[in-house]
Amino acid sequence: MDSNVFINNPSLTLPFSYTFTSSSNSSTTTSTTTDSSSGQWMDGRIWSKLPPPLLDRIIAFLPPPAFFRTRCVCKRFYSLLFSNAFLETYLQLLPLGHNCFLFFKHKTLKSYIYKRGGGTNDDDSNKAEGFLFDPNEIRWYRLSFAYIPSGFYPSGSSGGLVSWVSEEAGLKTILLCNPLVGSVSQLPPISRPRLFPSIGLSVTPTSIDVTVAGDDLISPYAVKNLSSESFHVDAGGFFSLWAMTSSLPRLCSLESGKMVYVQGKFYCMNYSPFSVLSYEVTGNRWIKIQAPMRRFLRSPSLLESKGRLILVAAVEKSKLNVPKSLRLWSLQQDNAMWVEIERMPQPLYTQFAAEEGGKGFECVGNQEFVMIVLRGTSLQLLFDMVRKSWLWVPPCPYSGGGGGSSGGSDGEVLQGFAYDPVLTTPVVSLLDQLTLPFPGVC
């Protein structure tokens, strides 16, 4: 794995300064580290006397960007990514994960076709890229997905894995990759031809669940939201390969293309009029949940936050004496009631509405953070539900305009997913007994 998988934003300062010197005639790399807060050199004699298991445990606590920089120090640190003892220690500390967001550029067309590359260099036009945002450090990184074959677009993220779906209409192929180590695994093709269905992904250390719904190809020229199918495999030896599930509710319109997994259920937005569709995995049933203030919502989005389903939307009741606003609701466990939990301060919403200009926005959540991406601009707004703070974040320096300000009739936006960087995902080994490697990937 290339140690430069993370590229720092040069406009932001690091809390530590790193100086790397290398020689073309040597296979080793040396480093020196200073603490900018104290201005003193760290004493290398302290680290040299630590037992290797203790040192490994300290390194396992590092966030992924710092871990990959650490791999440049020496051969032993570089080999940690392939050490079973270190990875076992790392998995034990996994609950202390680093919650991030992963964005990809895509067109604002109903086809949701993924556009590869963001620059004008023809040599890079076939390279897929992702843009990782760390809400704790307020910092952007760039991730390469050059190992993903052409003709695939990103559809979701869970448990450190990112799912990619084939663009060609028909029996879709789904890939699961770990961007930190460059591993790719393939799921068996789905059982029913579809165009651009909504896809839900849930990955735990011991199981993988995938649900694909809607956009059934009823003819070469027509689609209809009729059915869904699910995939399951777990460490207990049980697996189900794309079993057809219950039919979708009548007259549903799954235009979002994404699903959110919360406590055993997949949720997705339904349009015209707005409502929420819920699929219970164990009960194999779909239900329709009425959205709050559904006649006055604009740009609604669903996200998961600490085991809760959150609905984020702008509210516009222009004919009533209610100010326009952006609100967050939480769905109660009985699926019968929405409770408003937060509302954007009115002065901020006035600024937000002026910047957004009616073009709409996308939302994605991870734990206590909510990221709001304004379409047609390079602006993103971060909301911390614990601190109750709102922050305009620096635009992504790698996306060539961020939210699609580069123009063009098709325009581009940043499509985001909650992403928890994980160095190892042993659960994908369960797929080895089901499929063979696909052509073009080692």
# chains A, B, ... in the order shown; residues from 1 in each chain; ligands from 1
>>> select_by_dssp(residues="region 102-338 of chain A", states="strand (DSSP E or B)", output="JSON, numbers by chain")
{"A": [102, 103, 104, 105, 106, 107, 114, 129, 130, 131, 132, 133, 134, 139, 140, 141, 142, 143, 144, 152, 153, 154, 155, 156, 157, 158, 161, 162, 163, 164, 165, 166, 170, 174, 175, 176, 177, 178, 183, 184, 185, 186, 194, 198, 199, 200, 201, 202, 203, 204, 207, 208, 209, 210, 211, 212, 213, 216, 217, 218, 219, 222, 223, 224, 228, 229, 230, 231, 232, 233, 234, 239, 240, 241, 242, 243, 244, 258, 260, 261, 262, 265, 266, 267, 268, 269, 270, 275, 276, 277, 278, 279, 280, 285, 286, 287, 288, 289, 290, 297, 298, 299, 300, 301, 302, 303, 304, 305, 308, 309, 310, 311, 312, 313, 314, 315, 325, 326, 327, 328, 329, 330, 331, 338]}
>>> residues_around(residues="Gln290 (chain A)", least_positions_apart="5", cutoff="8 Å", atoms="only C-alpha atoms", output="list in words")
Phe274, Ser275 and Val276 of chain A
>>> write_last_selection(atoms="C-alpha atoms", output="PDB file, in the first residue's frame")
ATOM      1  CA  PHE A 274     -42.618  12.937   0.374  1.00  0.00           C
ATOM      2  CA  SER A 275     -42.591   9.927   2.694  1.00  0.00           C
ATOM      3  CA  VAL A 276     -40.067   7.456   4.093  1.00  0.00           C
TER       4      VAL A 276
END
>>> closest_residue(among="A:Cys100, A:Leu55, A:Leu391, A:Leu302", to="Leu80 (chain A)", atoms="only C-alpha atoms")
A:Leu55
>>> residues_around(residues="region 240-244 of chain A", least_positions_apart="4", cutoff="8 Å", atoms="only C-alpha atoms", output="ChimeraX atom specification")
/A:188,190-191,227-233
>>> write_last_selection(atoms="C-alpha atoms", output="tab-separated table (two decimals), in the first residue's frame")
chain	number	residue	atom	x	y	z
A	188	PRO	CA	-22.53	-12.36	-6.96
A	190	ILE	CA	-28.16	-9.60	-8.50
A	191	SER	CA	-31.05	-11.77	-9.70
A	227	SER	CA	-39.35	-5.34	-6.20
A	228	SER	CA	-36.32	-5.59	-3.96
A	229	GLU	CA	-33.76	-8.29	-3.22
A	230	SER	CA	-31.31	-8.87	-0.39
A	231	PHE	CA	-27.90	-10.43	0.16
A	232	HIS	CA	-26.64	-11.72	3.51
A	233	VAL	CA	-23.56	-13.57	4.72
>>> atom_distance(atom1="CA of Pro149 (chain A)", atom2="CA of Leu430 (chain A)")
22.1 Å
>>> residues_around(residues="Asn178 (chain A)", least_positions_apart="5", cutoff="8 Å", atoms="only C-alpha atoms", output="list in words")
Gly160, Leu161, Val162, Ser183, Val184, Val422, Leu423, Thr424 and Thr425 of chain A
>>> closest_residue(among="A:Leu217, A:Val223, A:Leu414, A:Ala314", to="Ala353 (chain A)", atoms="only C-alpha atoms")
A:Ala314
>>> select_by_dssp(residues="region 292-410 of chain A", states="alpha helix (DSSP H)", output="PDB file with N, CA, C and O atoms, in the first residue's frame")
ATOM      1  N   GLN A 346     -32.022  31.392  12.713  1.00  0.00           N
ATOM      2  CA  GLN A 346     -32.599  32.151  11.605  1.00  0.00           C
ATOM      3  C   GLN A 346     -31.583  33.035  10.878  1.00  0.00           C
ATOM      4  O   GLN A 346     -31.592  33.088   9.644  1.00  0.00           O
ATOM      5  N   PRO A 347     -30.673  33.749  11.579  1.00  0.00           N
ATOM      6  CA  PRO A 347     -29.676  34.539  10.836  1.00  0.00           C
ATOM      7  C   PRO A 347     -28.804  33.665   9.936  1.00  0.00           C
ATOM      8  O   PRO A 347     -28.464  34.059   8.818  1.00  0.00           O
ATOM      9  N   LEU A 348     -28.424  32.475  10.430  1.00  0.00           N
ATOM     10  CA  LEU A 348     -27.611  31.573   9.622  1.00  0.00           C
ATOM     11  C   LEU A 348     -28.412  31.049   8.444  1.00  0.00           C
ATOM     12  O   LEU A 348     -27.885  30.932   7.330  1.00  0.00           O
ATOM     13  N   TYR A 349     -29.708  30.745   8.663  1.00  0.00           N
ATOM     14  CA  TYR A 349     -30.518  30.239   7.554  1.00  0.00           C
ATOM     15  C   TYR A 349     -30.681  31.304   6.468  1.00  0.00           C
ATOM     16  O   TYR A 349     -30.711  30.978   5.282  1.00  0.00           O
ATOM     17  N   THR A 350     -30.776  32.559   6.860  1.00  0.00           N
ATOM     18  CA  THR A 350     -30.861  33.628   5.865  1.00  0.00           C
ATOM     19  C   THR A 350     -29.622  33.635   4.983  1.00  0.00           C
ATOM     20  O   THR A 350     -29.705  33.754   3.753  1.00  0.00           O
ATOM     21  N   GLN A 351     -28.449  33.479   5.602  1.00  0.00           N
ATOM     22  CA  GLN A 351     -27.207  33.396   4.840  1.00  0.00           C
ATOM     23  C   GLN A 351     -27.169  32.115   4.013  1.00  0.00           C
ATOM     24  O   GLN A 351     -26.774  32.121   2.839  1.00  0.00           O
ATOM     25  N   PHE A 352     -27.592  31.012   4.619  1.00  0.00           N
ATOM     26  CA  PHE A 352     -27.615  29.710   3.942  1.00  0.00           C
ATOM     27  C   PHE A 352     -28.507  29.764   2.698  1.00  0.00           C
ATOM     28  O   PHE A 352     -28.121  29.304   1.615  1.00  0.00           O
ATOM     29  N   ALA A 353     -29.703  30.311   2.841  1.00  0.00           N
ATOM     30  CA  ALA A 353     -30.644  30.383   1.720  1.00  0.00           C
ATOM     31  C   ALA A 353     -30.102  31.260   0.596  1.00  0.00           C
ATOM     32  O   ALA A 353     -30.307  30.964  -0.589  1.00  0.00           O
ATOM     33  N   ALA A 354     -29.406  32.338   0.951  1.00  0.00           N
ATOM     34  CA  ALA A 354     -28.837  33.208  -0.073  1.00  0.00           C
ATOM     35  C   ALA A 354     -27.742  32.492  -0.861  1.00  0.00           C
ATOM     36  O   ALA A 354     -27.647  32.636  -2.087  1.00  0.00           O
ATOM     37  N   GLU A 355     -26.901  31.718  -0.160  1.00  0.00           N
ATOM     38  CA  GLU A 355     -25.840  30.980  -0.839  1.00  0.00           C
ATOM     39  C   GLU A 355     -26.400  29.821  -1.656  1.00  0.00           C
ATOM     40  O   GLU A 355     -25.915  29.525  -2.750  1.00  0.00           O
ATOM     41  N   GLU A 356     -27.419  29.183  -1.120  1.00  0.00           N
ATOM     42  CA  GLU A 356     -27.999  28.012  -1.790  1.00  0.00           C
ATOM     43  C   GLU A 356     -28.803  28.409  -3.015  1.00  0.00           C
ATOM     44  O   GLU A 356     -28.808  27.694  -4.030  1.00  0.00           O
TER      45      GLU A 356
END
>>> closest_residue(among="A:Gly358, A:Pro179, A:Gly376, A:Pro345", to="Ser157 (chain A)", atoms="only C-alpha atoms")
A:Pro179
>>> closest_residue(among="A:Ile287, A:Ala66, A:Ile138, A:Leu175", to="Met371 (chain A)", atoms="only C-alpha atoms")
A:Ile138
>>> decode(residues="region 55-70 of chain A", atoms="all heavy atoms", output="short mmCIF file (atom, residue, chain, number, x, y, z; two decimals), in the first residue's frame")
data_model
loop_
_atom_site.label_atom_id
_atom_site.label_comp_id
_atom_site.auth_asym_id
_atom_site.auth_seq_id
_atom_site.Cartn_x
_atom_site.Cartn_y
_atom_site.Cartn_z
N LEU A 55 4.30 -0.43 21.98
CA LEU A 55 4.45 0.54 20.91
C LEU A 55 3.38 0.32 19.83
O LEU A 55 2.81 1.27 19.29
CB LEU A 55 5.84 0.43 20.31
CG LEU A 55 6.23 1.49 19.27
CD1 LEU A 55 6.11 2.89 19.86
CD2 LEU A 55 7.65 1.24 18.76
N ASP A 56 3.09 -0.95 19.52
CA ASP A 56 2.04 -1.25 18.54
C ASP A 56 0.69 -0.74 19.02
O ASP A 56 -0.12 -0.24 18.22
CB ASP A 56 1.97 -2.75 18.29
CG ASP A 56 3.17 -3.27 17.53
OD1 ASP A 56 4.00 -2.45 17.10
OD2 ASP A 56 3.29 -4.51 17.36
N ARG A 57 0.44 -0.88 20.31
CA ARG A 57 -0.84 -0.43 20.84
C ARG A 57 -0.97 1.10 20.74
O ARG A 57 -2.05 1.63 20.46
CB ARG A 57 -0.99 -0.88 22.29
CG ARG A 57 -2.36 -0.62 22.89
CD ARG A 57 -2.49 -1.23 24.27
NE ARG A 57 -3.81 -0.99 24.83
CZ ARG A 57 -4.87 -1.73 24.60
NH1 ARG A 57 -4.77 -2.79 23.80
NH2 ARG A 57 -6.04 -1.46 25.15
N ILE A 58 0.14 1.80 20.97
CA ILE A 58 0.12 3.26 20.84
C ILE A 58 -0.16 3.65 19.38
O ILE A 58 -0.99 4.53 19.10
CB ILE A 58 1.46 3.85 21.31
CG1 ILE A 58 1.64 3.61 22.82
CG2 ILE A 58 1.54 5.33 20.99
CD1 ILE A 58 3.00 4.02 23.35
N ILE A 59 0.51 2.97 18.45
CA ILE A 59 0.33 3.29 17.03
C ILE A 59 -1.08 2.96 16.58
O ILE A 59 -1.65 3.66 15.73
CB ILE A 59 1.37 2.53 16.20
CG1 ILE A 59 2.78 3.01 16.54
CG2 ILE A 59 1.10 2.69 14.70
CD1 ILE A 59 3.88 2.25 15.84
N ALA A 60 -1.68 1.92 17.16
CA ALA A 60 -3.04 1.53 16.77
C ALA A 60 -4.06 2.63 17.09
O ALA A 60 -5.13 2.66 16.48
CB ALA A 60 -3.44 0.23 17.47
N PHE A 61 -3.74 3.51 18.04
CA PHE A 61 -4.66 4.61 18.38
C PHE A 61 -4.59 5.76 17.38
O PHE A 61 -5.43 6.65 17.41
CB PHE A 61 -4.34 5.14 19.78
CG PHE A 61 -4.97 4.36 20.89
CD1 PHE A 61 -4.25 3.40 21.58
CD2 PHE A 61 -6.30 4.56 21.23
CE1 PHE A 61 -4.82 2.68 22.60
CE2 PHE A 61 -6.88 3.84 22.26
CZ PHE A 61 -6.15 2.88 22.94
N LEU A 62 -3.59 5.76 16.51
CA LEU A 62 -3.43 6.87 15.58
C LEU A 62 -4.58 6.90 14.57
O LEU A 62 -5.02 5.86 14.10
CB LEU A 62 -2.10 6.74 14.83
CG LEU A 62 -0.82 6.91 15.64
CD1 LEU A 62 0.39 6.64 14.74
CD2 LEU A 62 -0.73 8.30 16.24
N PRO A 63 -5.04 8.09 14.21
CA PRO A 63 -5.99 8.18 13.09
C PRO A 63 -5.29 7.76 11.81
O PRO A 63 -4.06 7.83 11.70
CB PRO A 63 -6.39 9.66 13.08
CG PRO A 63 -5.28 10.37 13.78
CD PRO A 63 -4.74 9.41 14.79
N PRO A 64 -6.05 7.30 10.81
CA PRO A 64 -5.43 6.76 9.59
C PRO A 64 -4.40 7.66 8.92
O PRO A 64 -3.34 7.17 8.52
CB PRO A 64 -6.63 6.49 8.69
CG PRO A 64 -7.74 6.19 9.63
CD PRO A 64 -7.51 7.10 10.81
N PRO A 65 -4.63 8.99 8.77
CA PRO A 65 -3.59 9.80 8.12
C PRO A 65 -2.26 9.74 8.86
O PRO A 65 -1.21 9.60 8.24
CB PRO A 65 -4.18 11.22 8.14
CG PRO A 65 -5.65 11.02 8.23
CD PRO A 65 -5.84 9.80 9.07
N ALA A 66 -2.29 9.83 10.19
CA ALA A 66 -1.06 9.77 10.97
C ALA A 66 -0.44 8.39 10.90
O ALA A 66 0.79 8.24 10.89
CB ALA A 66 -1.34 10.16 12.42
N PHE A 67 -1.27 7.34 10.84
CA PHE A 67 -0.74 5.97 10.76
C PHE A 67 0.06 5.78 9.47
O PHE A 67 1.16 5.22 9.48
CB PHE A 67 -1.88 4.96 10.82
CG PHE A 67 -1.43 3.55 10.54
CD1 PHE A 67 -0.82 2.79 11.51
CD2 PHE A 67 -1.60 3.01 9.27
CE1 PHE A 67 -0.39 1.49 11.24
CE2 PHE A 67 -1.20 1.71 9.00
CZ PHE A 67 -0.59 0.95 9.98
N PHE A 68 -0.46 6.27 8.34
CA PHE A 68 0.25 6.08 7.09
C PHE A 68 1.50 6.94 7.00
O PHE A 68 2.46 6.57 6.34
CB PHE A 68 -0.68 6.35 5.90
CG PHE A 68 -1.60 5.19 5.62
CD1 PHE A 68 -2.88 5.16 6.13
CD2 PHE A 68 -1.17 4.11 4.87
CE1 PHE A 68 -3.73 4.10 5.89
CE2 PHE A 68 -2.00 3.04 4.62
CZ PHE A 68 -3.28 3.03 5.12
N ARG A 69 1.51 8.07 7.68
CA ARG A 69 2.75 8.84 7.77
C ARG A 69 3.77 8.09 8.62
O ARG A 69 4.96 8.09 8.33
CB ARG A 69 2.47 10.23 8.34
CG ARG A 69 1.71 11.16 7.41
CD ARG A 69 1.79 12.61 7.86
NE ARG A 69 1.17 12.83 9.15
CZ ARG A 69 -0.11 13.19 9.32
NH1 ARG A 69 -0.88 13.35 8.25
NH2 ARG A 69 -0.60 13.39 10.51
N THR A 70 3.29 7.43 9.69
CA THR A 70 4.18 6.68 10.57
C THR A 70 4.84 5.52 9.83
O THR A 70 5.98 5.15 10.13
CB THR A 70 3.41 6.17 11.79
OG1 THR A 70 2.81 7.27 12.47
CG2 THR A 70 4.31 5.41 12.74
#
